[in-house]
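Trainee: What follows is a structure written as structure tokens; I'll ask about it next.
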Amino acid sequence: MITKPKGTKDIYGKEAKKWQYVSKVIDEVMEKYNYNYIRVPVFESSELFHRGVGETTDIVTKETYDFTDRGGRNMTLRPEGTAGVVRSYIENKMYGDVNQPVKLYYNCPMYRYERPQAGRYRELTQFGYELIGSDDPLSDAEVISLAVNIYKILGLKGIKVNVNTLGDQESRDNYRKALIKHFKPHVNELCEDCKERLEKNPLRILDCKVDQDKEVMKTAPKTIDYLNDESKERFEKVKEYLEIMGVEYVVDPSVVRGLDYYNHTVFEVEAKIEGFGAQNVIGGGGRYNTLVEQIGGPKTPGIGFAAGFDRLMLALEYEKVNIPVQTSVDLFLLYVNEDEKKYAAYLTNELRMNGFIVETDYLNRSLKAGFKQADRLNSKFTIVLNSEDLKQNEVKIKNNKTKEEDVISLDAIIYYLDENITEEDDCSCGASEEHNCNCGDKCKCHKED
RNA sequence: GCGGAGUUGGUGAAGUGGUUAACACACUGGUUUGUGGCACCAGCAUACGUGGGUUCGAUUCCCACACUCCGCCCCA
């Protein structure tokens with residue numbers, strides 16, 4: 001048997017419906033914030049990610065899917081979304097658009113060659129958004145608040161936002177030097193990885209899970225102490241706007257982010273996911289004021305956020321957020337002989353074109369099995385086409401809830417269905433008990449906050 | 001890249017170095033000469049991850065690999 005590649009996942013059935021729902025909610029929220037959907041290639045020149053994401057990051061040095069195409073070009077499957085979007089921004093000269101800043105969002109698969117585990121795949125789906133062309137602290141706050149709001153609208157309650165600032169380039173350089181100075185005398189106390197990081201990327205030492213509890217870590221200089229006045233003031237502004245927007249956040253100096261392009265504001269969103277301690281960060285982002293220039297565009301500030309779709313689904317599951325999925329059909333058409341089958345073919349088509357969800361039998365089942373199938377599909381009505389009735393231009397239609405059967409004229413089917421298909425008494429999400437869900441006013445099972 | 005645990009049919013699973021590998025659910029048909037959901041009866045063909053090895057004989061023991069789950073690193 002040919003099986004799916006390691007670290008990939010088939011999404012189908014009920015799970016696919018949930019994905020579609022969550023994607024739809026994301027689309028709706030993005031629309032309100034006036035972000036436009038963008039679709040960029042799955043593969044790009046390898047160079048883009050080396051310049052964009054950073055030569056020293058693990059993502060680029062050991063996790064990319066690289067290949068040479070038939071023309072000898074070095075290509076890489078995108079490991080993250082920002083570099084491609086920024087490339088597109090530059091290539092399509094969006095810096096010249098009348099509408100500024102440019103606000104873009106995406107929701108698509110990324111590829112990282114890693115060992116799969118809970119909430120981690122080699123093909124992972126991320127949604128994210130970028131606000132390019134503004135350095136205003138308000139844009140930082142909006143990007144953070146938008147992330148929080150998406151999760152809130154989806155019904156997640158256990159969301160925590162950790163915010164930090166890396167400062168501008170000057171602050172970052174000063175801080176870097178201070179860190180090296182601090183850790184150098186203690187280099188032997190650090191883990192192997194951190195020894196490497198000391199010269200290459202000292203900020204990442206702060207993130208280290210192995211060395212976390214060591215004394216050197218606790219006494220390490222804090223980003224906040226190396227910020228110049230401008231950067232400090234900027235961060236204060238961001239926090240102020242966040243408070244005005246009612247975003248609950250925590251300032252966490254250990255948030256430094258793994259990609260090279262960040263400066264100033266960086267943030268992470270954590271969710272409660274039982275048993276997946278290491279994977280509880282479901283999204284993260286930050287400001288990248290030098291990235292556009294690095295990739296070859298004009299000096300342009302930007303800020304963005306990206307979130308793991310798979311981890312979001314895990315969080316939704318853990319918090320038992322009910323996701324509305326359509327679980328019933330309006331009508332199931334049954335037939336026995338070939339003439340009735342032909343009429344069924346005609347009628348299913350006709351009714352579907354009139355907006356009803358209609359199913360029929362494709363397996364030449366017995367009536368008994370057909371009824372069973374109608375039940376399984378949770379059909380609201382069932383019609384058994386009967387040659388005798390059809391001769392009279394009539395049909396028997398059965399309401400599967402009340403078990404009542406009506407004999408109606410063929411011409412009246414559409415009218416009848418219109419009249420008798422009522423809004424579900426219970427929640428459209430199909431749940432029978434109170435729960436956290438987001439199905440709107442029609443939902444009577446919705447638990448009050 | 002490193003480490004741990006797994007892999008038996010459509011599904012959940014039991015089990016054994018040796019003639020037909022339990023059981024349950026699901027599915028299909030029948031009892032009901034064309035009206036289901038219950039009950040009973042019957043049926044469900046080619047199921048022991050892949051490749052080697054040990055053996056008269058391997059699903060069972062050994063080795064390798066693949067994949068799944070979990071952890072580390074890293075990240076979403």
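Please note that chains go A, B, ... in the order of the structure tokens, that every chain numbers its residues from 1, and that ligands are numbered from 1 in the order shown.
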Provide as a count of residues only the residues of chain A at most 7 Å from chain B, counting only C-alpha atoms (C1' of nucleotides).
Mentor: 13
Trainee: When DSSP is applied to the backbone of this structure, which of segment 301-369 of chain A are assigned helix (DSSP H, G or I)? Write them out as a list in words.
Mentor: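 Answer for segment 301-369 of chain A, restricted to helix (DSSP H, G or I): Phe309, Asp310, Arg311, Leu312, Met313, Leu314, Ala315, Leu316, Glu317, Tyr318, Glu338, Asp339, Glu340, Lys341, Lys342, Tyr343, Ala344, Ala345, Tyr346, Leu347, Thr348, Asn349, Glu350, Leu351, Arg352, Met353, Leu367, Lys368 and Ala369 of chain A.
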Trainee: Please list as a ChimeraX atom specification every residue within 7 Å of segment 376-379 of chain A, counting only C-alpha atoms (C1' of nucleotides) and excluding residues in the same chain fewer than 4 positions away.
Mentor: /A:327-332,372
Trainee: Give me the residues near Leu166 of chain A as a list of chain:residue names, where near means some atom within 6 Å (using only C-alpha atoms (C1' of nucleotides)) and where sequence neighbours in that chain fewer than 4 positions away do not count.
Mentor: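 The contact residues come out as A:Arg172, A:Asn263, A:His264.
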Trainee: Could you please determine the separation between atom CA of Asp27 of chain A and atom CA of Val143 of chain A in Å, to one decimal place?
Mentor: 15.5 Å
Trainee: Check segment 116-229 of chain A with DSSP on the backbone and list each residue it calls strand (DSSP E), as a list in words.
Mentor: Glu123, Leu124, Thr125, Gln126, Phe127, Gly128, Tyr129, Glu130, Leu131, Ile132, Lys160, Val161, Asn162, Val163, Asn164 and Thr165 of chain A
Trainee: Restricting it to all heavy atoms, dump the selection as a compact mmCIF listing (two decimals), in the first residue's frame.
Mentor:
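Output contents, as saved in out-v6.txt:
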# COMPACT_ATOMS: atom_id res chain seq x y z
N GLU A 123 4.16 18.86 6.87
CA GLU A 123 3.32 19.80 6.14
C GLU A 123 2.38 20.39 7.16
O GLU A 123 1.53 19.70 7.71
CB GLU A 123 2.51 19.10 5.04
CG GLU A 123 1.64 20.08 4.28
CD GLU A 123 0.85 19.43 3.15
OE1 GLU A 123 0.04 18.53 3.44
OE2 GLU A 123 1.06 19.80 2.00
N LEU A 124 2.56 21.66 7.45
CA LEU A 124 1.72 22.29 8.47
C LEU A 124 0.97 23.43 7.82
O LEU A 124 1.41 23.99 6.83
CB LEU A 124 2.61 22.83 9.59
CG LEU A 124 3.69 23.82 9.19
CD1 LEU A 124 3.66 25.04 10.08
CD2 LEU A 124 5.05 23.14 9.25
N THR A 125 -0.19 23.71 8.37
CA THR A 125 -0.95 24.82 7.83
C THR A 125 -0.84 26.00 8.77
O THR A 125 -1.00 25.85 9.98
CB THR A 125 -2.42 24.43 7.64
OG1 THR A 125 -2.47 23.28 6.80
CG2 THR A 125 -3.21 25.55 7.01
N GLN A 126 -0.52 27.12 8.22
CA GLN A 126 -0.48 28.34 9.02
C GLN A 126 -1.40 29.37 8.39
O GLN A 126 -1.47 29.49 7.18
CB GLN A 126 0.93 28.93 9.04
CG GLN A 126 1.90 28.19 9.90
CD GLN A 126 3.20 28.98 10.10
OE1 GLN A 126 3.45 29.97 9.42
NE2 GLN A 126 4.00 28.54 11.04
N PHE A 127 -2.06 30.12 9.25
CA PHE A 127 -2.66 31.34 8.72
C PHE A 127 -1.92 32.50 9.36
O PHE A 127 -1.39 32.38 10.47
CB PHE A 127 -4.17 31.40 8.99
CG PHE A 127 -4.54 31.59 10.43
CD1 PHE A 127 -4.70 32.87 10.96
CD2 PHE A 127 -4.73 30.50 11.26
CE1 PHE A 127 -5.05 33.04 12.28
CE2 PHE A 127 -5.08 30.68 12.59
CZ PHE A 127 -5.23 31.95 13.10
N GLY A 128 -1.83 33.57 8.66
CA GLY A 128 -1.08 34.69 9.18
C GLY A 128 -1.44 35.94 8.42
O GLY A 128 -2.13 35.90 7.41
N TYR A 129 -0.98 37.05 8.94
CA TYR A 129 -1.27 38.30 8.25
C TYR A 129 -0.11 39.27 8.44
O TYR A 129 0.67 39.17 9.38
CB TYR A 129 -2.58 38.91 8.73
CG TYR A 129 -2.74 38.94 10.22
CD1 TYR A 129 -2.27 40.02 10.97
CD2 TYR A 129 -3.37 37.89 10.89
CE1 TYR A 129 -2.43 40.05 12.34
CE2 TYR A 129 -3.51 37.92 12.26
CZ TYR A 129 -3.05 39.00 13.00
OH TYR A 129 -3.19 39.02 14.34
N GLU A 130 0.01 40.18 7.49
CA GLU A 130 1.11 41.13 7.50
C GLU A 130 0.53 42.53 7.29
O GLU A 130 -0.35 42.72 6.44
CB GLU A 130 2.09 40.83 6.36
CG GLU A 130 2.47 39.37 6.19
CD GLU A 130 3.34 38.83 7.32
OE1 GLU A 130 3.91 39.64 8.09
OE2 GLU A 130 3.43 37.58 7.45
N LEU A 131 1.03 43.47 8.07
CA LEU A 131 0.65 44.87 7.88
C LEU A 131 1.94 45.59 7.50
O LEU A 131 2.83 45.76 8.33
CB LEU A 131 0.03 45.41 9.17
CG LEU A 131 -0.63 46.80 9.13
CD1 LEU A 131 -1.66 46.92 10.25
CD2 LEU A 131 0.39 47.92 9.25
N ILE A 132 2.04 45.96 6.23
CA ILE A 132 3.31 46.49 5.73
C ILE A 132 3.15 47.95 5.34
O ILE A 132 2.22 48.30 4.60
CB ILE A 132 3.80 45.67 4.51
CG1 ILE A 132 3.77 44.17 4.84
CG2 ILE A 132 5.21 46.10 4.12
CD1 ILE A 132 4.09 43.27 3.66
N LYS A 160 -3.35 33.23 26.23
CA LYS A 160 -2.45 34.12 26.93
C LYS A 160 -1.51 34.78 25.91
O LYS A 160 -1.00 34.10 25.03
CB LYS A 160 -1.63 33.30 27.93
CG LYS A 160 -1.02 34.11 29.04
CD LYS A 160 -0.28 33.21 30.01
CE LYS A 160 0.89 33.97 30.59
NZ LYS A 160 2.08 33.17 30.78
N VAL A 161 -1.32 36.07 26.04
CA VAL A 161 -0.45 36.76 25.10
C VAL A 161 0.78 37.28 25.82
O VAL A 161 0.67 38.00 26.81
CB VAL A 161 -1.16 37.96 24.45
CG1 VAL A 161 -0.29 38.55 23.35
CG2 VAL A 161 -2.50 37.55 23.89
N ASN A 162 1.95 36.87 25.36
CA ASN A 162 3.20 37.35 25.92
C ASN A 162 3.83 38.34 24.95
O ASN A 162 4.02 38.03 23.78
CB ASN A 162 4.16 36.19 26.16
CG ASN A 162 3.56 35.17 27.10
OD1 ASN A 162 2.95 35.51 28.11
ND2 ASN A 162 3.70 33.90 26.76
N VAL A 163 4.15 39.52 25.46
CA VAL A 163 4.66 40.57 24.60
C VAL A 163 6.05 40.97 25.07
O VAL A 163 6.36 40.93 26.27
CB VAL A 163 3.71 41.80 24.67
CG1 VAL A 163 4.17 42.89 23.72
CG2 VAL A 163 2.30 41.39 24.34
N ASN A 164 6.89 41.34 24.15
CA ASN A 164 8.21 41.84 24.50
C ASN A 164 8.68 42.78 23.40
O ASN A 164 8.07 42.85 22.32
CB ASN A 164 9.20 40.67 24.64
CG ASN A 164 10.52 41.10 25.24
OD1 ASN A 164 10.59 42.09 25.99
ND2 ASN A 164 11.58 40.39 24.90
N THR A 165 9.74 43.50 23.67
CA THR A 165 10.32 44.30 22.61
C THR A 165 11.81 44.02 22.52
O THR A 165 12.47 43.78 23.53
CB THR A 165 10.09 45.81 22.84
OG1 THR A 165 10.67 46.53 21.75
CG2 THR A 165 10.70 46.28 24.14
Trainee: Compile the contact shell of Asp168 of chain A as a VMD selection string: residues with an atom at most 9 Å away, counting only C-alpha atoms (C1' of nucleotides), same-chain residues fewer than 5 positions apart removed.
Mentor: chain A and resid 173 227 to 228 230 to 231 263 to 264 289
Trainee: Could those selected residues go to a file with N, CA and C atoms, as an mmCIF file, in the first residue's frame?
Mentor:
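See part_35.cif below for the written result:
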data_model
loop_
_atom_site.group_PDB
_atom_site.id
_atom_site.type_symbol
_atom_site.label_atom_id
_atom_site.label_comp_id
_atom_site.auth_asym_id
_atom_site.auth_seq_id
_atom_site.Cartn_x
_atom_site.Cartn_y
_atom_site.Cartn_z
ATOM 1 N N ASP A 173 21.660 45.656 19.060
ATOM 2 C CA ASP A 173 23.108 45.442 19.032
ATOM 3 C C ASP A 173 23.716 45.588 20.421
ATOM 4 N N LEU A 227 17.289 49.146 26.000
ATOM 5 C CA LEU A 227 16.536 49.901 25.007
ATOM 6 C C LEU A 227 16.947 51.359 25.065
ATOM 7 N N ASN A 228 17.108 51.971 23.922
ATOM 8 C CA ASN A 228 17.303 53.424 23.950
ATOM 9 C C ASN A 228 15.958 54.090 24.206
ATOM 10 N N GLU A 230 14.071 56.011 22.624
ATOM 11 C CA GLU A 230 13.085 55.967 21.550
ATOM 12 C C GLU A 230 12.337 54.630 21.553
ATOM 13 N N SER A 231 13.118 53.561 21.649
ATOM 14 C CA SER A 231 12.511 52.231 21.631
ATOM 15 C C SER A 231 11.629 52.015 22.852
ATOM 16 N N ASN A 263 12.361 42.900 15.015
ATOM 17 C CA ASN A 263 12.849 43.943 15.917
ATOM 18 C C ASN A 263 11.636 44.593 16.585
ATOM 19 N N HIS A 264 11.893 45.472 17.507
ATOM 20 C CA HIS A 264 10.815 46.096 18.293
ATOM 21 C C HIS A 264 9.853 45.025 18.853
ATOM 22 N N ASN A 289 11.138 45.708 10.657
ATOM 23 C CA ASN A 289 11.336 46.958 9.927
ATOM 24 C C ASN A 289 12.473 46.934 8.929
#
Trainee: Using only C-alpha atoms, find the one residue out of A:Ile205, A:Ser145, A:Gly155, A:Arg197 that sits nearest to Glu319 of chain A.
Mentor: A:Gly155
Trainee: Find the residues near G18 of chain B: any atom within 12 Å, counting only C-alpha atoms (C1' of nucleotides), skip ones fewer than 3 places away on the same chain, and give them as JSON, numbers by chain.
Mentor: {"B": [55, 56, 57, 58, 60]}
Trainee: Since we have the selection now, will you write its residues out, keeping all heavy atoms, as a compact mmCIF listing (two decimals), in the first residue's frame?
Mentor:
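Generated file (part.txt):
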# COMPACT_ATOMS: atom_id res chain seq x y z
P U B 55 18.38 -22.59 11.23
OP1 U B 55 19.38 -23.59 11.65
OP2 U B 55 18.33 -22.13 9.83
O5' U B 55 16.93 -23.11 11.63
C5' U B 55 16.65 -23.56 12.96
C4' U B 55 15.19 -23.83 13.12
O4' U B 55 14.44 -22.60 12.95
C3' U B 55 14.59 -24.73 12.05
O3' U B 55 14.86 -26.10 12.30
C2' U B 55 13.11 -24.39 12.16
O2' U B 55 12.53 -25.01 13.29
C1' U B 55 13.18 -22.88 12.39
N1 U B 55 13.03 -22.12 11.13
C2 U B 55 11.75 -21.71 10.79
O2 U B 55 10.77 -21.94 11.48
N3 U B 55 11.64 -21.03 9.60
C4 U B 55 12.67 -20.72 8.74
O4 U B 55 12.42 -20.11 7.70
C5 U B 55 13.97 -21.18 9.15
C6 U B 55 14.11 -21.84 10.31
P C B 56 15.30 -27.00 11.09
OP1 C B 56 15.81 -28.26 11.70
OP2 C B 56 16.15 -26.20 10.20
O5' C B 56 13.94 -27.32 10.33
C5' C B 56 13.97 -27.85 9.00
C4' C B 56 12.56 -28.12 8.56
O4' C B 56 11.98 -29.13 9.43
C3' C B 56 11.61 -26.94 8.70
O3' C B 56 11.69 -26.09 7.58
C2' C B 56 10.25 -27.64 8.80
O2' C B 56 9.79 -28.06 7.54
C1' C B 56 10.61 -28.85 9.66
N1 C B 56 10.42 -28.63 11.10
C2 C B 56 9.11 -28.58 11.60
O2 C B 56 8.16 -28.71 10.84
N3 C B 56 8.91 -28.37 12.92
C4 C B 56 9.96 -28.23 13.74
N4 C B 56 9.73 -28.03 15.02
C5 C B 56 11.30 -28.27 13.25
C6 C B 56 11.48 -28.48 11.94
P G B 57 11.77 -24.53 7.81
OP1 G B 57 11.93 -23.86 6.50
OP2 G B 57 12.76 -24.28 8.88
O5' G B 57 10.32 -24.19 8.35
C5' G B 57 9.21 -24.26 7.46
C4' G B 57 7.92 -24.13 8.23
O4' G B 57 7.87 -25.18 9.25
C3' G B 57 7.76 -22.86 9.04
O3' G B 57 7.33 -21.78 8.23
C2' G B 57 6.69 -23.27 10.06
O2' G B 57 5.41 -23.29 9.48
C1' G B 57 7.13 -24.71 10.36
N9 G B 57 7.99 -24.76 11.56
C8 G B 57 9.35 -24.97 11.58
N7 G B 57 9.83 -24.98 12.81
C5 G B 57 8.72 -24.76 13.61
C6 G B 57 8.62 -24.67 15.03
O6 G B 57 9.51 -24.76 15.86
N1 G B 57 7.31 -24.43 15.43
C2 G B 57 6.23 -24.31 14.59
N2 G B 57 5.05 -24.08 15.16
N3 G B 57 6.31 -24.40 13.27
C4 G B 57 7.58 -24.63 12.86
P A B 58 7.84 -20.30 8.51
OP1 A B 58 8.32 -19.70 7.29
OP2 A B 58 8.77 -20.37 9.66
O5' A B 58 6.48 -19.58 8.91
C5' A B 58 5.70 -19.96 10.02
C4' A B 58 5.44 -18.73 10.86
O4' A B 58 6.25 -18.77 12.06
C3' A B 58 5.73 -17.42 10.16
O3' A B 58 4.67 -16.53 10.42
C2' A B 58 7.03 -16.95 10.81
O2' A B 58 7.10 -15.57 10.87
C1' A B 58 6.94 -17.56 12.21
N9 A B 58 8.23 -17.84 12.84
C8 A B 58 9.44 -18.05 12.25
N7 A B 58 10.41 -18.26 13.09
C5 A B 58 9.80 -18.17 14.33
C6 A B 58 10.28 -18.30 15.64
N6 A B 58 11.56 -18.56 15.93
N1 A B 58 9.40 -18.15 16.65
C2 A B 58 8.14 -17.90 16.37
N3 A B 58 7.55 -17.77 15.17
C4 A B 58 8.45 -17.91 14.18
P U B 60 6.23 -12.93 13.41
OP1 U B 60 7.21 -11.84 13.44
OP2 U B 60 6.52 -14.19 12.70
O5' U B 60 5.87 -13.31 14.93
C5' U B 60 5.58 -12.29 15.88
C4' U B 60 5.08 -12.95 17.14
O4' U B 60 4.05 -13.90 16.77
C3' U B 60 6.15 -13.71 17.92
O3' U B 60 6.16 -13.32 19.28
C2' U B 60 5.78 -15.17 17.77
O2' U B 60 5.95 -15.87 18.99
C1' U B 60 4.28 -15.11 17.44
N1 U B 60 3.84 -16.21 16.57
C2 U B 60 3.02 -17.17 17.13
O2 U B 60 2.66 -17.13 18.30
N3 U B 60 2.64 -18.17 16.29
C4 U B 60 3.00 -18.32 14.97
O4 U B 60 2.58 -19.27 14.34
C5 U B 60 3.86 -17.28 14.46
C6 U B 60 4.25 -16.29 15.26
Trainee: Which residues are close to Asn174 of chain A, i.e. within 12 Å by only C-alpha atoms (C1' of nucleotides), leaving aside same-chain residues fewer than 5 positions away? Reply as a list in words.
Mentor: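 Non-adjacent residues within range: Leu166, Gly167, Asp168, Gln169, Leu179, Ile180, Lys181, Pro202, Leu203, Pro221, Lys222, Thr223, Ile224, Asp225, Tyr226, Leu227 and Asn228 of chain A.
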